[in-house]
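Worksheet for the structure shown next.
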Amino acid sequence: MTKMHEGQVDVSVGLVRRLLVDQLPDLADQHIVAVPSTGTVNALFRLGQEFVVRLPLLAKWSDGIEIEWEWIPRLARHVSSVRLPEPVFKGRPAHAYPFVWAVYRWIEGEPYDDGLVEDEPSAAETLAAFVTELRSFEVVAFAPKGGRRPLGDLDEGTRAAIRSGDGSIDAAAAIAVWEDALAAPTWDGDLAWIHGDLLRPNLLVNRGRLEAVIDFGGVGVGDPATDLMPAWSVFGLAGRQAFRAMLDPDDAAWSRGRGIALHQAANVIPYYARTNPGFVAISIRAIEQIIEDFAR
């Protein structure tokens, strides 16, 4: 596996096998195969036909498993629009692997791609229904914090990321979008539950339809505009229009959401330029959609 991060731990089929033998021996004889992915937080290994093993790659992301274990079962009782991951077993840190890891039920499907979806507006409406269901979940005092820092705090780094490109994006147009987002009123409304990472790799399509939302390691409460990201990071014009119509954000939230999506995508391009070209391609596409939307 190509290492994407400094300090990334080594993972392999052999490691997964050893962890299972020690901690979940009933499944240790199942076939194990690495799952190709543009994901950057966890390594995935399919376990037999029914399960998938997820192993965080860095210490700073290891608490994502704990968050999922705590909150996915609660959220799943309030979500009917899509399937959510089903936690099966939470593994302990071991000598060969220093973080908590987990086994989930396997969900059939492939990461979102235009060629897999029969009806983009319908997929957008399904995802908007999920966002609405998530927002309606009760905010409790012990809920984890979700989302990013205010856009103003991200200004310097985002501008640097935009300008560091190799010509793959229109930097001047992207800066104009960013400045519009910075000028939008700062969010000061009620906390709401957000997924925080609604990107193509975290949306599974099966038989032409949006089937599942995965990777809840960043779920928490924060600015609802965060979950507007798929308007640009996932969909084209038709899907974006359907997504916006369903959620009906005000102009300030739309501008903030566009800025959040731009910040996320822009930072991917220089960081993963050599180690994850698939993720970079997804991010370049997102920025093109952001610029197109802003220009309309």
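Naming scheme: A, B, ... for chains in displayed order of the structure tokens; residues 1 onward per chain; ligands 1 onward as shown.
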
Query - Residues within 9 Å of region 44-61 of chain A, only C-alpha atoms, excluding chain neighbours under 6 positions, as a PyMOL selection string - result: chain A and resi 5-13+16+27-37+88+97-107+217

Query - helix (DSSP H, G or I) positions in region 198-274 of chain A, given as a PyMOL selection string - result: chain A and resi 200-202+224-228+230-233+237-247+251-271

Kindly save the residues from that selection, with N, CA and C atoms included, as a short mmCIF file (atom, residue, chain, number, x, y, z; two decimals), in the first residue's frame.
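Saved result, selection-v6.cif, follows:
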data_model
loop_
_atom_site.label_atom_id
_atom_site.label_comp_id
_atom_site.auth_asym_id
_atom_site.auth_seq_id
_atom_site.Cartn_x
_atom_site.Cartn_y
_atom_site.Cartn_z
N ARG A 200 -17.74 11.67 -2.78
CA ARG A 200 -18.04 10.50 -3.61
C ARG A 200 -17.55 9.17 -3.01
N PRO A 201 -16.35 9.10 -2.45
CA PRO A 201 -15.91 7.82 -1.90
C PRO A 201 -16.77 7.31 -0.74
N ASN A 202 -17.53 8.20 -0.11
CA ASN A 202 -18.33 7.81 1.05
C ASN A 202 -19.81 7.59 0.72
N PRO A 224 -24.72 23.50 9.70
CA PRO A 224 -25.42 22.68 8.70
C PRO A 224 -24.93 22.88 7.29
N ALA A 225 -24.32 24.03 6.99
CA ALA A 225 -23.81 24.29 5.64
C ALA A 225 -22.73 23.28 5.24
N THR A 226 -22.10 22.64 6.23
CA THR A 226 -21.06 21.65 5.94
C THR A 226 -21.59 20.55 5.03
N ASP A 227 -22.81 20.10 5.28
CA ASP A 227 -23.36 18.99 4.51
C ASP A 227 -24.01 19.43 3.20
N LEU A 228 -23.75 20.69 2.80
CA LEU A 228 -24.08 21.11 1.44
C LEU A 228 -22.96 20.74 0.47
N PRO A 230 -21.85 18.07 -0.98
CA PRO A 230 -22.09 17.22 -2.16
C PRO A 230 -22.74 17.94 -3.32
N ALA A 231 -23.30 19.13 -3.09
CA ALA A 231 -23.85 19.90 -4.22
C ALA A 231 -22.80 20.09 -5.30
N TRP A 232 -21.55 20.18 -4.89
CA TRP A 232 -20.45 20.38 -5.84
C TRP A 232 -19.50 19.18 -5.87
N SER A 233 -19.26 18.58 -4.72
CA SER A 233 -18.28 17.50 -4.62
C SER A 233 -18.80 16.17 -5.17
N LEU A 237 -24.90 19.85 -12.41
CA LEU A 237 -25.93 20.89 -12.33
C LEU A 237 -27.30 20.32 -11.96
N ALA A 238 -27.73 19.26 -12.63
CA ALA A 238 -29.08 18.73 -12.38
C ALA A 238 -29.21 18.23 -10.95
N GLY A 239 -28.22 17.49 -10.48
CA GLY A 239 -28.26 17.01 -9.11
C GLY A 239 -28.15 18.14 -8.11
N ARG A 240 -27.32 19.12 -8.41
CA ARG A 240 -27.15 20.27 -7.51
C ARG A 240 -28.47 21.02 -7.34
N GLN A 241 -29.18 21.23 -8.42
CA GLN A 241 -30.46 21.93 -8.35
C GLN A 241 -31.46 21.15 -7.51
N ALA A 242 -31.51 19.83 -7.69
CA ALA A 242 -32.44 19.02 -6.91
C ALA A 242 -32.05 19.01 -5.43
N PHE A 243 -30.76 18.92 -5.16
CA PHE A 243 -30.26 18.91 -3.79
C PHE A 243 -30.60 20.22 -3.09
N ARG A 244 -30.38 21.33 -3.77
CA ARG A 244 -30.67 22.64 -3.18
C ARG A 244 -32.17 22.83 -2.97
N ALA A 245 -32.96 22.39 -3.93
CA ALA A 245 -34.41 22.55 -3.81
C ALA A 245 -34.95 21.78 -2.60
N MET A 246 -34.41 20.60 -2.35
CA MET A 246 -34.88 19.79 -1.22
C MET A 246 -34.48 20.40 0.12
N LEU A 247 -33.26 20.93 0.23
CA LEU A 247 -32.77 21.43 1.50
C LEU A 247 -33.08 22.91 1.72
N ASP A 251 -29.05 32.01 1.04
CA ASP A 251 -27.88 32.33 0.21
C ASP A 251 -26.58 32.30 1.02
N ALA A 252 -26.66 32.72 2.29
CA ALA A 252 -25.45 32.72 3.12
C ALA A 252 -24.96 31.30 3.35
N ALA A 253 -25.87 30.38 3.66
CA ALA A 253 -25.48 28.99 3.88
C ALA A 253 -24.92 28.39 2.60
N TRP A 254 -25.53 28.72 1.46
CA TRP A 254 -25.04 28.19 0.18
C TRP A 254 -23.62 28.67 -0.08
N SER A 255 -23.34 29.95 0.18
CA SER A 255 -21.99 30.47 -0.03
C SER A 255 -20.99 29.83 0.93
N ARG A 256 -21.39 29.65 2.18
CA ARG A 256 -20.50 29.00 3.15
C ARG A 256 -20.24 27.56 2.74
N GLY A 257 -21.31 26.86 2.33
CA GLY A 257 -21.14 25.48 1.91
C GLY A 257 -20.20 25.37 0.73
N ARG A 258 -20.34 26.29 -0.20
CA ARG A 258 -19.45 26.29 -1.37
C ARG A 258 -18.01 26.55 -0.93
N GLY A 259 -17.84 27.43 0.04
CA GLY A 259 -16.49 27.69 0.55
C GLY A 259 -15.90 26.49 1.28
N ILE A 260 -16.72 25.80 2.06
CA ILE A 260 -16.26 24.60 2.76
C ILE A 260 -15.83 23.54 1.75
N ALA A 261 -16.65 23.36 0.70
CA ALA A 261 -16.31 22.38 -0.34
C ALA A 261 -15.02 22.76 -1.05
N LEU A 262 -14.83 24.06 -1.31
CA LEU A 262 -13.62 24.53 -1.97
C LEU A 262 -12.40 24.31 -1.08
N HIS A 263 -12.52 24.64 0.18
CA HIS A 263 -11.41 24.42 1.13
C HIS A 263 -10.99 22.96 1.14
N GLN A 264 -11.97 22.07 1.23
CA GLN A 264 -11.66 20.64 1.29
C GLN A 264 -10.96 20.17 0.02
N ALA A 265 -11.54 20.51 -1.13
CA ALA A 265 -11.00 20.03 -2.40
C ALA A 265 -9.63 20.64 -2.70
N ALA A 266 -9.47 21.92 -2.43
CA ALA A 266 -8.21 22.59 -2.75
C ALA A 266 -7.05 22.01 -1.96
N ASN A 267 -7.29 21.63 -0.72
CA ASN A 267 -6.22 21.09 0.10
C ASN A 267 -5.84 19.66 -0.30
N VAL A 268 -6.77 18.95 -0.92
CA VAL A 268 -6.46 17.60 -1.38
C VAL A 268 -5.41 17.61 -2.48
N ILE A 269 -5.51 18.57 -3.41
CA ILE A 269 -4.72 18.52 -4.63
C ILE A 269 -3.21 18.53 -4.37
N PRO A 270 -2.68 19.48 -3.59
CA PRO A 270 -1.23 19.42 -3.37
C PRO A 270 -0.80 18.29 -2.43
N TYR A 271 -1.66 17.95 -1.46
CA TYR A 271 -1.27 16.95 -0.46
C TYR A 271 -1.18 15.55 -1.07
#

Query raised in the report: To one decimal place, how far is CA of Leu151 (chain A) from CA of Leu182 (chain A) in Å?
Result: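 Distance between the two atoms: 6.3 Å.
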
Report task. Name the residues of region 12-200 of chain A that come out as strand (DSSP E or B) in a backbone DSSP run; write them as a PyMOL selection string. Result -> chain A and resi 32-34+42-47+51-56+83+87-91+94+97+101-105+110-111+145+192-194

Write a file of the selected residues as a CSV table (one decimal), in the first residue's frame, keeping C-alpha atoms.
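So out-v3.csv came out as:
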chain,number,residue,atom,x,y,z
A,32,ILE,CA,-9.3,-11.5,3.3
A,33,VAL,CA,-8.6,-9.1,0.5
A,34,ALA,CA,-7.6,-5.5,0.4
A,42,ASN,CA,-8.9,4.0,6.9
A,43,ALA,CA,-7.6,0.9,5.2
A,44,LEU,CA,-10.3,-1.5,4.1
A,45,PHE,CA,-10.2,-5.3,3.9
A,46,ARG,CA,-13.1,-7.4,2.8
A,47,LEU,CA,-13.6,-10.4,5.2
A,51,PHE,CA,-17.9,-8.2,6.5
A,52,VAL,CA,-15.3,-5.5,6.0
A,53,VAL,CA,-12.5,-4.6,8.4
A,54,ARG,CA,-11.5,-0.9,8.8
A,55,LEU,CA,-8.2,0.1,10.3
A,56,PRO,CA,-7.3,3.8,10.8
A,83,ARG,CA,-28.2,2.3,4.5
A,87,PRO,CA,-20.8,-2.2,13.4
A,88,VAL,CA,-20.2,-5.9,14.2
A,89,PHE,CA,-17.0,-6.0,16.3
A,90,LYS,CA,-14.6,-3.4,17.8
A,91,GLY,CA,-11.0,-4.6,18.1
A,94,ALA,CA,-2.4,-4.8,19.8
A,97,TYR,CA,-1.4,-2.5,15.4
A,101,TRP,CA,-10.1,-1.2,14.7
A,102,ALA,CA,-13.5,-2.6,13.7
A,103,VAL,CA,-15.5,-5.1,11.6
A,104,TYR,CA,-18.6,-3.9,9.9
A,105,ARG,CA,-21.3,-5.6,7.8
A,110,GLU,CA,-19.4,1.1,-5.5
A,111,PRO,CA,-18.3,4.6,-4.7
A,145,LYS,CA,-18.2,18.4,17.5
A,192,ALA,CA,-27.3,20.5,13.9
A,193,TRP,CA,-26.0,17.0,13.3
A,194,ILE,CA,-23.8,16.8,10.2

Query raised in the report: Which residues come within 9 Å of Ser122 (chain A), counting only C-alpha atoms, excluding same-chain residues fewer than 3 positions away, as a PyMOL selection string?
Result: chain A and resi 118-119+125-127+209-210+239+242

Could those selected residues go to a file with N, CA and C atoms, as a PDB file, in the first residue's frame?
ATOM      1  N   GLU A 118     -28.278   6.014 -12.336  1.00  0.00           N
ATOM      2  CA  GLU A 118     -29.275   6.087 -13.399  1.00  0.00           C
ATOM      3  C   GLU A 118     -29.927   7.464 -13.482  1.00  0.00           C
ATOM      4  N   ASP A 119     -30.139   8.126 -12.345  1.00  0.00           N
ATOM      5  CA  ASP A 119     -30.885   9.380 -12.291  1.00  0.00           C
ATOM      6  C   ASP A 119     -30.247  10.270 -11.236  1.00  0.00           C
ATOM      7  N   GLU A 125     -31.851  13.839  -4.374  1.00  0.00           N
ATOM      8  CA  GLU A 125     -32.991  13.907  -3.460  1.00  0.00           C
ATOM      9  C   GLU A 125     -32.854  12.888  -2.334  1.00  0.00           C
ATOM     10  N   THR A 126     -32.336  11.709  -2.655  1.00  0.00           N
ATOM     11  CA  THR A 126     -32.106  10.701  -1.620  1.00  0.00           C
ATOM     12  C   THR A 126     -31.084  11.199  -0.610  1.00  0.00           C
ATOM     13  N   LEU A 127     -29.994  11.793  -1.097  1.00  0.00           N
ATOM     14  CA  LEU A 127     -28.965  12.292  -0.181  1.00  0.00           C
ATOM     15  C   LEU A 127     -29.499  13.470   0.632  1.00  0.00           C
ATOM     16  N   ARG A 209     -28.732   3.185  -8.041  1.00  0.00           N
ATOM     17  CA  ARG A 209     -29.322   4.053  -7.023  1.00  0.00           C
ATOM     18  C   ARG A 209     -28.344   4.278  -5.872  1.00  0.00           C
ATOM     19  N   LEU A 210     -28.494   5.419  -5.216  1.00  0.00           N
ATOM     20  CA  LEU A 210     -27.699   5.683  -4.027  1.00  0.00           C
ATOM     21  C   LEU A 210     -28.162   4.740  -2.922  1.00  0.00           C
ATOM     22  N   GLY A 239     -28.219  17.493 -10.479  1.00  0.00           N
ATOM     23  CA  GLY A 239     -28.257  17.006  -9.113  1.00  0.00           C
ATOM     24  C   GLY A 239     -28.154  18.144  -8.108  1.00  0.00           C
ATOM     25  N   ALA A 242     -31.507  19.832  -7.691  1.00  0.00           N
ATOM     26  CA  ALA A 242     -32.438  19.016  -6.912  1.00  0.00           C
ATOM     27  C   ALA A 242     -32.049  19.010  -5.434  1.00  0.00           C
TER      28      ALA A 242
END

Query raised in the report: Which residue out of A:Leu204, A:Ile175, A:Val140, A:Ile214 has the minimum interatomic distance to Leu116 (chain A) when only C-alpha atoms are used?
Result: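 Smallest distance to Leu116 (chain A) is found for A:Leu204.
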
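Every protein, DNA or RNA residue with an atom at most 12 Å from Phe137 (chain A), where only C-alpha atoms count and chain neighbours fewer than 4 positions away do not, is listed here: Trp71, Ile72, Arg74, Leu75, Ala76, Arg77, His78, Val79, Phe130, Val131, Thr132, Glu133, Ala143, Leu191, Ala192, Trp193, Ile194, His195, Gly220 and Val221 of chain A.
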
Using only N, CA and C atoms, please write the residues we just selected to a file, as an mmCIF file, in the first residue's frame.
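Final output, selection-v6.cif:
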data_model
loop_
_atom_site.group_PDB
_atom_site.id
_atom_site.type_symbol
_atom_site.label_atom_id
_atom_site.label_comp_id
_atom_site.auth_asym_id
_atom_site.auth_seq_id
_atom_site.Cartn_x
_atom_site.Cartn_y
_atom_site.Cartn_z
ATOM 1 N N TRP A 71 -22.230 6.260 17.877
ATOM 2 C CA TRP A 71 -23.313 7.045 17.298
ATOM 3 C C TRP A 71 -24.026 6.405 16.119
ATOM 4 N N ILE A 72 -23.391 5.541 15.362
ATOM 5 C CA ILE A 72 -24.098 4.945 14.224
ATOM 6 C C ILE A 72 -25.359 4.202 14.660
ATOM 7 N N ARG A 74 -27.333 4.753 17.105
ATOM 8 C CA ARG A 74 -28.349 5.742 17.482
ATOM 9 C C ARG A 74 -28.921 6.434 16.251
ATOM 10 N N LEU A 75 -28.028 6.847 15.353
ATOM 11 C CA LEU A 75 -28.476 7.558 14.156
ATOM 12 C C LEU A 75 -29.269 6.642 13.235
ATOM 13 N N ALA A 76 -28.864 5.378 13.151
ATOM 14 C CA ALA A 76 -29.509 4.451 12.224
ATOM 15 C C ALA A 76 -30.993 4.295 12.519
ATOM 16 N N ARG A 77 -31.383 4.455 13.780
ATOM 17 C CA ARG A 77 -32.800 4.322 14.134
ATOM 18 C C ARG A 77 -33.634 5.471 13.587
ATOM 19 N N HIS A 78 -32.977 6.541 13.126
ATOM 20 C CA HIS A 78 -33.693 7.719 12.636
ATOM 21 C C HIS A 78 -33.491 7.947 11.140
ATOM 22 N N VAL A 79 -32.780 7.051 10.488
ATOM 23 C CA VAL A 79 -32.467 7.204 9.064
ATOM 24 C C VAL A 79 -33.093 6.056 8.286
ATOM 25 N N PHE A 130 -31.411 12.148 3.454
ATOM 26 C CA PHE A 130 -30.515 11.710 4.524
ATOM 27 C C PHE A 130 -30.040 12.897 5.359
ATOM 28 N N VAL A 131 -29.606 13.973 4.699
ATOM 29 C CA VAL A 131 -29.141 15.159 5.422
ATOM 30 C C VAL A 131 -30.249 15.704 6.326
ATOM 31 N N THR A 132 -31.472 15.726 5.822
ATOM 32 C CA THR A 132 -32.611 16.206 6.605
ATOM 33 C C THR A 132 -32.863 15.318 7.812
ATOM 34 N N GLU A 133 -32.788 14.004 7.609
ATOM 35 C CA GLU A 133 -32.965 13.073 8.730
ATOM 36 C C GLU A 133 -31.885 13.274 9.778
ATOM 37 N N ALA A 143 -22.742 15.303 22.508
ATOM 38 C CA ALA A 143 -22.491 14.997 21.097
ATOM 39 C C ALA A 143 -21.107 15.485 20.689
ATOM 40 N N LEU A 191 -27.017 24.465 16.583
ATOM 41 C CA LEU A 191 -26.227 23.301 16.216
ATOM 42 C C LEU A 191 -27.115 22.269 15.533
ATOM 43 N N ALA A 192 -26.539 21.553 14.583
ATOM 44 C CA ALA A 192 -27.265 20.478 13.910
ATOM 45 C C ALA A 192 -26.297 19.332 13.663
ATOM 46 N N TRP A 193 -26.830 18.122 13.601
ATOM 47 C CA TRP A 193 -26.003 16.970 13.280
ATOM 48 C C TRP A 193 -25.576 17.021 11.818
ATOM 49 N N ILE A 194 -24.302 16.774 11.587
ATOM 50 C CA ILE A 194 -23.751 16.757 10.229
ATOM 51 C C ILE A 194 -22.860 15.532 10.070
ATOM 52 N N HIS A 195 -22.829 15.004 8.849
ATOM 53 C CA HIS A 195 -21.911 13.909 8.542
ATOM 54 C C HIS A 195 -20.495 14.449 8.424
ATOM 55 N N GLY A 220 -20.984 14.620 13.851
ATOM 56 C CA GLY A 220 -21.087 15.429 15.054
ATOM 57 C C GLY A 220 -22.016 16.595 14.822
ATOM 58 N N VAL A 221 -21.963 17.574 15.691
ATOM 59 C CA VAL A 221 -22.822 18.748 15.564
ATOM 60 C C VAL A 221 -21.978 19.939 15.134
#

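Of the listed residues (A:Asp26, A:Glu138, A:Asp113, A:Asp180), A:Asp180 comes nearest to Asp155 (chain A); the distances count only C-alpha atoms.
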
When you look at Thr275 (chain A) with a cut-off of 8 Å (counting only C-alpha atoms), what residues show up, excluding the ones that are within fewer than 4 positions of it in the same chain? I need them as a short mmCIF file (atom, residue, chain, number, x, y, z; two decimals) with C-alpha atoms, in the first residue's frame.
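Okay, selection_2.cif is ready:
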data_model
loop_
_atom_site.label_atom_id
_atom_site.label_comp_id
_atom_site.auth_asym_id
_atom_site.auth_seq_id
_atom_site.Cartn_x
_atom_site.Cartn_y
_atom_site.Cartn_z
CA THR A 2 1.35 3.43 -0.99
CA LYS A 3 1.77 5.57 2.10
CA MET A 4 -0.09 8.87 1.92
#

Query - Nearest candidate to Gly109 (chain A) (options A:Val213, A:Ala172, A:Ile291, A:Ile282; using only C-alpha atoms) - result: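 Closest to Gly109 (chain A) of all the choices is A:Val213.
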
Query raised in the report: What does the distance from CA of Ile65 (chain A) to CA of Phe142 (chain A) come to in Å, to one decimal?
Result: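 Distance reported for this atom pair: 16.9 Å.
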
**Report entry** Option closest in space to Val219 (chain A), from A:Ala295, A:Gly146, A:Thr40, A:Ser168 [counting only C-alpha atoms]
**Finding:**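 Counting only C-alpha atoms, the residue closest to Val219 (chain A) is A:Gly146.
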
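The coordinates place CA of Gly165 (chain A) at 13.6 Å from CA of Pro277 (chain A).
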